[in-house]
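Have a look at final.txt below; it lists compact mmCIF, C-alpha atoms.
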# COMPACT_ATOMS: atom_id res chain seq x y z
CA MET A 1 -9.48 6.98 -28.14
CA MET A 2 -7.64 9.76 -26.35
CA THR A 3 -9.43 12.26 -28.60
CA ALA A 4 -12.82 10.95 -27.45
CA PHE A 5 -11.89 11.50 -23.80
CA LEU A 6 -10.64 15.02 -24.56
CA LEU A 7 -13.80 15.88 -26.46
CA PHE A 8 -16.06 14.63 -23.68
CA LEU A 9 -14.14 16.28 -20.82
CA SER A 10 -13.79 19.57 -22.71
CA LYS A 11 -17.49 20.12 -21.99
CA ALA A 12 -16.81 20.33 -18.26
CA ILE A 13 -17.06 23.72 -16.53
CA THR A 14 -13.33 23.50 -15.74
CA PRO A 15 -11.84 21.04 -18.26
CA PRO A 16 -8.79 19.10 -17.01
CA HIS A 17 -5.45 19.62 -18.70
CA GLU A 18 -4.65 17.21 -21.53
CA LYS A 19 -1.60 15.94 -19.62
CA SER A 20 -3.77 15.14 -16.60
CA ILE A 21 -6.08 13.03 -18.76
CA SER A 22 -3.13 11.23 -20.33
CA ASN A 23 -1.62 10.49 -16.91
CA ALA A 24 -4.96 9.18 -15.61
CA LEU A 25 -5.34 6.81 -18.54
CA SER A 26 -1.75 5.61 -18.17
CA LEU A 27 -2.37 4.92 -14.48
CA LEU A 28 -5.43 2.79 -15.25
CA VAL A 29 -3.49 0.82 -17.88
CA ASP A 30 -0.56 0.28 -15.49
CA LEU A 31 -2.94 -0.93 -12.78
CA GLY A 32 -4.47 -3.44 -15.19
CA ALA A 33 -7.82 -1.64 -15.01
CA MET A 34 -7.95 -0.60 -18.67
CA LEU A 35 -6.95 -2.20 -21.98
CA PRO A 36 -4.35 -0.02 -23.74
CA GLU A 37 -5.62 -0.82 -27.25
CA THR A 38 -9.31 0.03 -26.79
CA ASN A 39 -9.45 1.83 -23.42
CA ASP A 40 -12.16 -0.63 -22.35
CA LEU A 41 -12.30 -1.43 -18.64
CA THR A 42 -11.04 -4.82 -17.50
CA THR A 43 -12.77 -6.82 -14.77
CA LEU A 44 -10.55 -5.01 -12.27
CA GLY A 45 -11.48 -1.66 -13.81
CA GLU A 46 -15.18 -2.42 -13.45
CA CYS A 47 -14.62 -3.26 -9.78
CA LEU A 48 -12.65 -0.08 -9.16
CA SER A 49 -15.35 2.04 -10.84
CA VAL A 50 -17.81 0.96 -8.13
CA LEU A 51 -15.54 1.77 -5.21
CA SER A 52 -15.40 5.35 -3.94
CA LEU A 53 -11.62 5.14 -3.64
CA GLU A 54 -8.66 6.35 -5.66
CA PRO A 55 -7.80 3.51 -8.12
CA ARG A 56 -4.54 2.51 -6.44
CA VAL A 57 -6.19 2.37 -3.03
CA GLY A 58 -9.10 0.42 -4.51
CA LYS A 59 -6.72 -2.18 -5.93
CA MET A 60 -5.14 -2.42 -2.49
CA VAL A 61 -8.53 -3.45 -1.07
CA ILE A 62 -9.21 -5.96 -3.86
CA TRP A 63 -5.83 -7.64 -3.26
CA SER A 64 -6.47 -7.80 0.49
CA TYR A 65 -9.15 -10.46 -0.02
CA LEU A 66 -6.62 -12.88 -1.48
CA LEU A 67 -4.04 -11.85 1.09
CA GLY A 68 -6.48 -12.46 3.94
CA CYS A 69 -6.40 -9.01 5.58
CA SER A 70 -9.47 -7.19 4.23
CA ARG A 71 -10.60 -5.85 7.64
CA VAL A 72 -7.32 -4.05 8.21
CA THR A 73 -6.80 -2.96 4.60
CA SER A 74 -10.30 -1.59 4.08
CA GLN A 75 -9.89 0.63 7.13
CA MET A 76 -6.49 1.85 5.98
CA ALA A 77 -7.99 2.51 2.55
CA VAL A 78 -10.83 4.75 3.73
CA ALA A 79 -8.40 6.61 6.01
CA MET A 80 -6.09 7.24 3.04
CA SER A 81 -9.05 8.60 1.08
CA TYR A 82 -9.91 11.18 3.73
CA LYS A 83 -7.91 13.80 5.60
CA SER A 84 -5.53 12.89 8.39
CA PRO A 85 -7.20 12.54 11.81
CA PHE A 86 -4.21 14.18 13.50
CA VAL A 87 -4.64 17.85 14.38
CA LEU A 88 -1.87 20.44 14.14
CA PRO A 89 -0.57 21.11 17.65
CA PRO A 90 0.68 24.48 18.96
CA PRO A 91 4.47 24.79 18.52
CA ILE A 92 5.02 24.41 22.26
CA MET A 93 3.23 21.02 22.22
CA ARG A 94 4.72 19.63 19.02
CA ARG A 95 7.08 17.22 20.78
CA GLU A 96 4.20 15.88 22.89
CA ALA A 97 2.12 15.38 19.73
CA GLU A 98 4.97 13.51 18.05
CA LYS A 99 5.28 11.18 21.04
CA ALA A 100 1.54 10.45 20.88
CA GLN A 101 1.73 9.75 17.14
CA LEU A 102 4.78 7.52 17.61
CA ALA A 103 3.01 5.57 20.36
CA LEU A 104 0.03 4.97 18.08
CA SER A 105 2.33 3.74 15.33
CA ASN A 106 3.68 1.05 17.67
CA TYR A 107 6.97 1.57 15.81
CA SER A 108 5.49 0.06 12.65
CA GLU A 109 7.13 2.73 10.43
CA SER A 110 3.80 3.11 8.66
CA ASP A 111 1.37 6.02 8.46
CA GLN A 112 -1.37 3.64 7.36
CA VAL A 113 -0.87 1.40 10.39
CA THR A 114 -0.69 4.44 12.69
CA VAL A 115 -4.13 5.63 11.60
CA LEU A 116 -5.43 2.05 11.70
CA ASN A 117 -4.34 1.81 15.36
CA ALA A 118 -6.10 5.10 16.08
CA ILE A 119 -9.33 3.78 14.54
CA SER A 120 -9.08 0.53 16.51
CA LYS A 121 -8.48 2.44 19.77
CA ARG A 122 -11.48 4.66 18.99
CA ASP A 123 -13.75 1.65 18.55
CA GLN A 124 -12.44 0.07 21.76
CA LEU A 125 -12.86 3.17 23.91
CA ARG A 126 -16.33 4.04 22.64
CA LYS A 127 -17.49 0.48 23.29
CA LYS A 128 -15.96 -0.06 26.73
CA SER A 129 -15.25 3.35 28.30
CA GLY A 130 -17.86 5.74 26.96
CA GLU A 131 -17.85 9.00 25.06
CA GLY A 132 -16.13 11.07 27.74
CA ALA A 133 -13.08 8.82 28.00
CA TYR A 134 -12.90 8.62 24.21
CA ARG A 135 -12.84 12.40 23.74
CA ASP A 136 -10.28 12.80 26.51
CA TRP A 137 -8.06 10.29 24.72
CA CYS A 138 -8.50 12.17 21.43
CA ARG A 139 -7.41 15.40 23.11
CA ARG A 140 -4.30 13.78 24.62
CA SER A 141 -3.46 12.05 21.34
CA PHE A 142 -4.02 15.18 19.20
CA LEU A 143 -6.74 13.48 17.18
CA SER A 144 -9.93 14.94 15.71
CA PRO A 145 -13.05 13.04 16.90
CA SER A 146 -15.06 14.31 13.94
CA THR A 147 -12.49 13.07 11.43
CA LEU A 148 -12.34 9.65 13.09
CA GLN A 149 -16.14 9.53 12.99
CA MET A 150 -16.15 10.30 9.27
CA ILE A 151 -13.59 7.54 8.63
CA ALA A 152 -15.78 5.13 10.62
CA ASP A 153 -18.79 6.11 8.47
CA LEU A 154 -16.78 5.62 5.29
CA ARG A 155 -16.03 2.05 6.40
CA LYS A 156 -19.74 1.27 6.16
CA ASN A 157 -19.96 2.83 2.69
CA LEU A 158 -17.03 0.75 1.44
CA SER A 159 -18.53 -2.44 2.87
CA ARG A 160 -21.77 -1.74 0.98
CA GLU A 161 -19.90 -1.09 -2.27
CA LEU A 162 -17.92 -4.31 -1.91
CA SER A 163 -21.09 -6.29 -1.22
CA VAL A 164 -22.58 -4.93 -4.45
CA LEU A 165 -19.58 -6.41 -6.28
CA GLY A 166 -20.12 -9.78 -4.58
CA TYR A 167 -17.32 -9.57 -2.03
CA ALA A 168 -17.76 -10.77 1.53
CA ASP A 169 -18.05 -8.13 4.26
CA PRO A 170 -14.45 -6.98 4.85
CA MET A 171 -15.13 -6.53 8.57
CA SER A 172 -16.45 -10.07 9.16
CA ASN A 173 -14.49 -13.22 9.91
CA GLY A 174 -13.74 -15.59 7.05
CA TYR A 175 -11.13 -16.42 4.44
CA GLN A 176 -10.76 -12.69 3.72
CA ASN A 177 -9.36 -12.16 7.24
CA ARG A 178 -7.39 -15.35 7.85
CA HIS A 179 -4.15 -13.30 8.15
CA ASP A 180 -5.76 -10.42 10.03
CA LYS A 181 -2.98 -10.14 12.64
CA HIS A 182 0.08 -10.42 10.39
CA HIS A 183 1.80 -7.15 9.43
CA ALA A 184 3.63 -8.85 6.56
CA LEU A 185 0.32 -9.30 4.72
CA TRP A 186 -0.74 -5.72 5.48
CA GLN A 187 2.48 -4.46 3.91
CA ALA A 188 1.90 -6.70 0.90
CA ALA A 189 -1.58 -5.26 0.35
CA ILE A 190 -0.21 -1.71 0.56
CA SER A 191 2.54 -2.56 -1.93
CA ALA A 192 0.19 -4.27 -4.39
CA GLY A 193 -2.07 -1.24 -4.47
CA LEU A 194 0.31 1.72 -4.30
CA TYR A 195 3.00 0.48 -6.73
CA PRO A 196 4.71 2.18 -8.61
CA ASN A 197 4.59 4.67 -5.73
CA VAL A 198 7.73 3.12 -4.29
CA ALA A 199 10.95 4.93 -3.40
CA THR A 200 14.37 3.48 -2.66
CA ARG A 201 17.69 4.43 -1.11
CA GLN A 202 20.99 2.75 -0.24
CA ARG A 203 23.40 2.90 2.67
CA GLY A 204 24.53 6.46 3.40
CA ASP A 205 21.65 8.11 1.49
CA VAL A 206 19.43 10.68 3.18
CA ASN A 207 16.94 11.20 0.35
CA PHE A 208 14.86 8.64 -1.51
CA SER A 209 14.78 8.06 -5.27
CA THR A 210 11.47 7.35 -7.03
CA MET A 211 10.78 5.37 -10.20
CA THR A 212 11.00 8.62 -12.15
CA ASN A 213 14.42 9.37 -10.59
CA ARG A 214 13.11 12.22 -8.45
CA LYS A 215 14.80 12.82 -5.13
CA ALA A 216 12.39 13.09 -2.22
CA LYS A 217 12.18 13.31 1.58
CA ILE A 218 9.54 12.02 3.99
CA HIS A 219 6.78 14.63 4.52
CA VAL A 220 6.84 16.33 7.93
CA SER A 221 3.31 15.10 8.70
CA SER A 222 4.43 11.46 8.49
CA VAL A 223 5.21 9.41 11.57
CA ASN A 224 8.37 8.41 9.70
CA ALA A 225 9.55 12.04 9.74
CA ILE A 226 9.71 12.19 13.54
CA LYS A 227 13.21 12.62 14.93
CA GLY A 228 14.75 9.25 15.75
CA GLN A 229 12.75 7.31 13.17
CA PRO A 230 14.99 5.27 10.81
CA LEU A 231 13.48 6.75 7.62
CA ASN A 232 14.23 10.28 8.87
CA ALA A 233 17.94 9.56 9.28
CA LYS A 234 20.76 8.52 7.01
CA CYS A 235 20.20 5.03 5.65
CA GLN A 236 21.98 2.42 7.77
CA ILE A 237 21.13 -0.84 5.98
CA PRO A 238 24.02 -3.15 4.98
CA ARG A 239 26.00 -2.14 1.91
CA GLY A 240 24.67 -3.65 -1.29
CA GLU A 241 21.07 -3.82 -0.05
CA ILE A 242 18.19 -1.46 -0.87
CA GLU A 243 15.69 0.17 1.49
CA PHE A 244 12.12 0.42 0.18
CA VAL A 245 9.23 2.65 1.17
CA CYS A 246 5.72 2.82 -0.33
CA PHE A 247 3.98 6.19 -0.44
CA GLY A 248 0.50 7.46 -1.18
CA GLU A 249 1.40 10.83 -2.68
CA MET A 250 4.45 12.77 -3.77
CA VAL A 251 4.15 16.54 -3.36
CA LYS A 252 6.42 19.12 -4.95
CA GLY A 253 7.66 21.66 -2.43
CA SER A 254 9.61 24.86 -2.95
CA HIS A 255 12.96 23.04 -2.82
CA PHE A 256 12.30 19.30 -3.05
CA PHE A 257 9.63 16.60 -3.33
CA THR A 258 8.08 15.04 -0.23
CA LEU A 259 6.45 11.65 0.29
CA SER A 260 3.28 11.32 2.37
CA GLN A 261 1.34 8.27 3.63
CA THR A 262 4.51 6.21 3.80
CA THR A 263 5.12 2.59 4.83
CA HIS A 264 8.52 0.98 5.18
CA LEU A 265 8.92 -2.42 3.48
CA PRO A 266 11.32 -4.67 5.40
CA SER A 267 11.32 -7.17 2.50
CA PRO A 268 11.20 -6.66 -1.30
CA LEU A 269 9.19 -9.86 -1.82
CA PRO A 270 5.78 -8.11 -2.07
CA LEU A 271 7.21 -6.07 -4.95
CA LEU A 272 8.60 -9.13 -6.74
CA LEU A 273 5.47 -11.23 -6.37
CA LEU A 274 2.57 -8.76 -6.56
CA CYS A 275 3.69 -5.57 -8.29
CA GLY A 276 4.53 -4.25 -11.73
CA THR A 277 3.75 -5.47 -15.21
CA SER A 278 6.76 -7.67 -15.92
CA LEU A 279 9.34 -9.71 -14.04
CA SER A 280 12.14 -10.99 -16.24
CA ILE A 281 14.94 -13.39 -15.33
CA TYR A 282 18.37 -13.76 -16.92
CA PRO A 283 21.80 -15.12 -15.91
CA ALA A 284 23.99 -12.93 -13.73
CA SER A 285 26.84 -11.50 -15.82
CA ASP A 286 29.41 -11.99 -13.04
CA ASP A 287 28.51 -15.64 -12.42
CA GLY A 288 30.36 -18.10 -14.64
CA ASN A 289 28.71 -21.32 -13.42
CA GLY A 290 25.06 -20.20 -13.66
CA SER A 291 24.36 -20.50 -9.93
CA TYR A 292 22.91 -16.98 -9.75
CA SER A 293 20.34 -15.11 -11.83
CA VAL A 294 19.04 -11.56 -12.00
CA LEU A 295 15.37 -10.67 -11.55
CA ASN A 296 14.33 -7.44 -13.27
CA LEU A 297 11.08 -5.77 -12.18
CA ASP A 298 9.76 -3.34 -14.81
CA ASP A 299 13.32 -2.49 -15.90
CA TRP A 300 13.66 -0.61 -12.63
CA ILE A 301 14.44 -2.73 -9.58
CA ILE A 302 17.14 -5.37 -10.02
CA PHE A 303 17.57 -8.35 -7.67
CA LYS A 304 20.24 -11.03 -7.66
CA CYS A 305 19.54 -14.46 -6.16
CA ARG A 306 20.18 -18.13 -6.70
CA THR A 307 18.88 -19.41 -10.05
CA ASP A 308 16.61 -22.04 -8.52
CA GLU A 309 15.07 -19.48 -6.15
CA ALA A 310 14.57 -16.98 -8.99
CA SER A 311 12.78 -19.61 -11.09
CA ARG A 312 10.46 -20.50 -8.21
CA LEU A 313 9.62 -16.84 -7.61
CA VAL A 314 8.70 -16.35 -11.28
CA VAL A 315 6.43 -19.43 -11.23
CA LEU A 316 4.80 -18.32 -7.95
CA ARG A 317 4.20 -14.84 -9.36
CA LYS A 318 2.47 -16.23 -12.48
CA ARG A 319 0.17 -18.40 -10.38
CA LEU A 320 -0.66 -15.47 -8.10
CA GLU A 321 -1.55 -13.34 -11.13
CA ALA A 322 -3.88 -16.07 -12.38
CA ALA A 323 -5.39 -16.38 -8.90
CA PHE A 324 -6.00 -12.62 -8.72
CA TRP A 325 -7.86 -12.45 -12.03
CA ASN A 326 -9.90 -15.55 -11.20
CA ALA A 327 -10.78 -14.14 -7.79
CA ILE A 328 -12.08 -10.81 -9.10
CA SER A 329 -14.09 -12.46 -11.89
CA ALA A 330 -16.22 -14.29 -9.28
CA PRO A 331 -15.57 -12.69 -5.88
CA TRP A 332 -18.54 -14.36 -4.22
CA GLN A 333 -16.78 -17.73 -4.53
CA GLY A 334 -13.78 -16.65 -2.46
CA MET A 335 -10.95 -19.19 -2.42
CA LYS A 336 -13.28 -21.85 -3.83
CA GLY A 337 -13.15 -20.16 -7.23
CA LEU A 338 -9.42 -20.82 -7.55
CA THR A 339 -7.75 -23.90 -8.98
CA PRO A 340 -5.83 -26.16 -6.56
CA LYS A 341 -2.50 -24.77 -7.83
CA GLU A 342 -3.73 -21.20 -7.36
CA GLN A 343 -4.95 -21.97 -3.84
CA ASP A 344 -1.54 -23.46 -3.02
CA ALA A 345 0.16 -20.35 -4.44
CA VAL A 346 -1.95 -18.02 -2.27
CA GLU A 347 -1.22 -20.02 0.88
CA THR A 348 2.47 -20.24 -0.03
CA LEU A 349 2.51 -16.46 -0.45
CA GLY A 350 1.31 -15.97 3.13
CA SER A 351 4.00 -18.26 4.52
CA VAL A 352 6.76 -16.73 2.39
CA LEU A 353 5.88 -13.14 3.31
CA LYS A 354 5.67 -13.85 7.04
CA SER A 355 8.97 -15.71 6.92
CA ALA A 356 10.66 -12.88 4.99
CA VAL A 357 9.61 -10.25 7.55
CA LYS A 358 10.74 -12.43 10.46
CA SER A 359 14.17 -12.91 8.87
CA SER A 360 14.66 -9.19 8.08
CA ASP A 361 16.96 -7.10 10.27
CA VAL A 362 15.35 -5.70 13.42
CA ARG A 363 15.50 -1.89 13.39
Whole structure, structure tokens version:
Amino acid sequence: MMTAFLLFLSKAITPPHEKSISNALSLLVDLGAMLPETNDLTTLGECLSVLSLEPRVGKMVIWSYLLGCSRVTSQMAVAMSYKSPFVLPPPIMRREAEKAQLALSNYSESDQVTVLNAISKRDQLRKKSGEGAYRDWCRRSFLSPSTLQMIADLRKNLSRELSVLGYADPMSNGYQNRHDKHHALWQAAISAGLYPNVATRQRGDVNFSTMTNRKAKIHVSSVNAIKGQPLNAKCQIPRGEIEFVCFGEMVKGSHFFTLSQTTHLPSPLPLLLLCGTSLSIYPASDDGNGSYSVLNLDDWIIFKCRTDEASRLVVLRKRLEAAFWNAISAPWQGMKGLTPKEQDAVETLGSVLKSAVKSSDVR
């Protein structure tokens, strides 16, 4: 089947490199959008083909309906698909621009949430204060009004595309926005879409390590690269734990790789429950009485926890997978299209994720 793709794309004015085609097909297979044996699109693949978004970002939006945060996620998605609304300040005003960006982030440690807050503030000012006050705020916040306008227009396009697929309007109230105010669910949607674009580091590390074992830093344009931000300093988490960050793109610089569109994950649970192709469980080698087990995500991230907790996580993950595929096969039914066990799993997920973020260390 690869030959057929090469033959077709070779007719383009500027044919893509064979490696680029291979990587694109591998991405679609990893996302669950394409069958590896036949290269036919799955139900998810057919949905993603309608959306004018990069496949990972599109999957992020699809997941947000089950997670109950489609309003927030759809806006983050269109912002990720367009250029940053922040303008490059003169060197003398760089510190002022960083303060404005940090204020918009509300210390969320997320570029996606930072832009989301900028969009929300734009809507609020234009509705209540008028065009003049809005443009004055843009100037003081080092934001481009035209870029924010384009992102706002793209929201409407995405809503139309989702309605064609049978999804409810992501901006309206309903089951798709029942967790609209909870950051834990926003982070879960980002994780579910961007994986395997996840980097890790341990106590004392400065750089992050990706799934392909590349060392990388946070890109200078990120809010997480501002001086004083935890992700821009040496890792300070407790020894034995792992710090996770999702990223939209990894760019190769002259000396090292950089991560852009980053979001810090205070809990690994979204990765365990929503990401990857396989989650295996086996007894911990250093535990003689079987009280602890090891969870292995895609032969990459290893977690150790109590055996009963590990078993419950595996069961919950399987039910969530079934719920996801049922939901995208008949999106117009919403939660009603799920079995009672799948509905319970989705509601349990919301409670578990919110609890995990609350119990994580305050930074």
Closest of A:Ser291, A:Ser108, A:Thr147, A:Ser20 to A:Gln229 - atom-to-atom distances counting only C-alpha atoms: A:Ser108
Would you list the contacts of A:Tyr282 as a VMD selection string, taking every protein, DNA or RNA residue within 7 Å and counting only C-alpha atoms, but skipping same-chain residues closer than 4 positions in sequence? chain A and resid 293 to 295
Grab the atom CA of A:Pro145 to atom CA of A:His182 distance for me, in Å with one decimal place.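 Computed distance, atom CA of A:Pro145 to atom CA of A:His182, equals 27.7 Å.
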8 Å contact set for stretch 24-41 of chain A, only C-alpha atoms, chain neighbours under 5 positions out, as a list in words: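 Non-adjacent residues within range: Met1, Glu46, Leu48, Pro55, Arg56, Lys59, Gly276 and Thr277 of chain A.
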Measure the distance from atom CA of A:Ser191 to atom CA of A:Gly350 in Å and round it to one decimal. 14.4 Å
Name the closest residue to A:Val115 among the candidates A:Phe142, A:Phe86, A:Tyr134, A:Phe208; distances are taken between atoms, counting all atoms listed in the file. A:Phe86
Place a sphere of radius 7 Å on (4.6, 9.8, 1.0) in the file coordinates and name every protein, DNA or RNA residue with an atom inside or on its surface, counting all atoms listed in the file; give the answer as a PyMOL selection string. chain A and resi 218-219+247-250+258-262
Quick one: distance from atom CA of A:His183 to atom CA of A:Leu273 in Å, one decimal? 16.7 Å
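With only C-alpha atoms as the basis for measurement, A:Leu353 is the residue among A:Ala216, A:Leu353, A:Val346, A:Leu338 that approaches A:Pro266 most closely.
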Measuring atom to atom with all atoms listed in the file, identify which of A:Ser254, A:Asn207, A:Asn106, A:Ser141 is nearest to A:Leu88. A:Ser141
Nearest to A:Cys235, restricted to all atoms listed in the file and choosing among A:Gly253, A:Gly193, A:Gly204, A:Pro90, comes out as A:Gly204
Take the point (-6.8, -4.3, 6.9) as written in the file and pick out every residue within 9 Å of it, counting all atoms listed in the file; give the list as a ChimeraX atom specification. /A:61,64,68-77,113,116,170-171,177,180,185-186,189
Point out the residue among A:Leu320, A:Ser222, A:Ser159, A:Ile21 with the least atom-to-atom distance to A:Ser172, counting all atoms listed in the file. A:Ser159
Residues near A:Arg94, anyone? I mean within 12 Å using all atoms listed in the file, not counting same-chain ones fewer than 3 positions away, as a list in words.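 Here the answer would be Phe86, Val87, Leu88, Pro89, Pro90, Pro91, Ala97, Glu98, Lys99, Ala100, Gln101, Ser141, Phe142, Val220, Ser221, Ile226 and Lys227 of chain A.
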Using only the atoms of stretch 102-118 of chain A listed in the file, plus 8 Å on each side, state the axis-aligned box centre and edge lengths in Å rounded to one decimal, as JSON.
{"center_x": 0.5, "center_y": 3.8, "center_z": 13.9, "size_x": 29.2, "size_y": 23.5, "size_z": 29.0}
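Residues in contact range of A:Leu53, defined as at most 7 Å between all atoms listed in the file, with sequence neighbours fewer than 3 positions away removed, read Val57, Gly58 and Ser81 of chain A.
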Residues from last step as file, C-alpha atoms, as a PDB file, in the frame of the given file:
ATOM      1  CA  VAL A  57      -6.190   2.370  -3.030  1.00  0.00           C
ATOM      2  CA  GLY A  58      -9.100   0.420  -4.510  1.00  0.00           C
ATOM      3  CA  SER A  81      -9.050   8.600   1.080  1.00  0.00           C
TER       4      SER A  81
END
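When the distance limit is 12 Å and only C-alpha atoms are what count, the residues near A:Arg214, minus those fewer than 3 positions from it on the same chain, are Asn197, Val198, Ala199, Thr200, Arg201, Asn207, Phe208, Ser209, Thr210, Met211, Lys217, Met250, Val251, Lys252, Phe256, Phe257, Thr258 and Leu259 of chain A.
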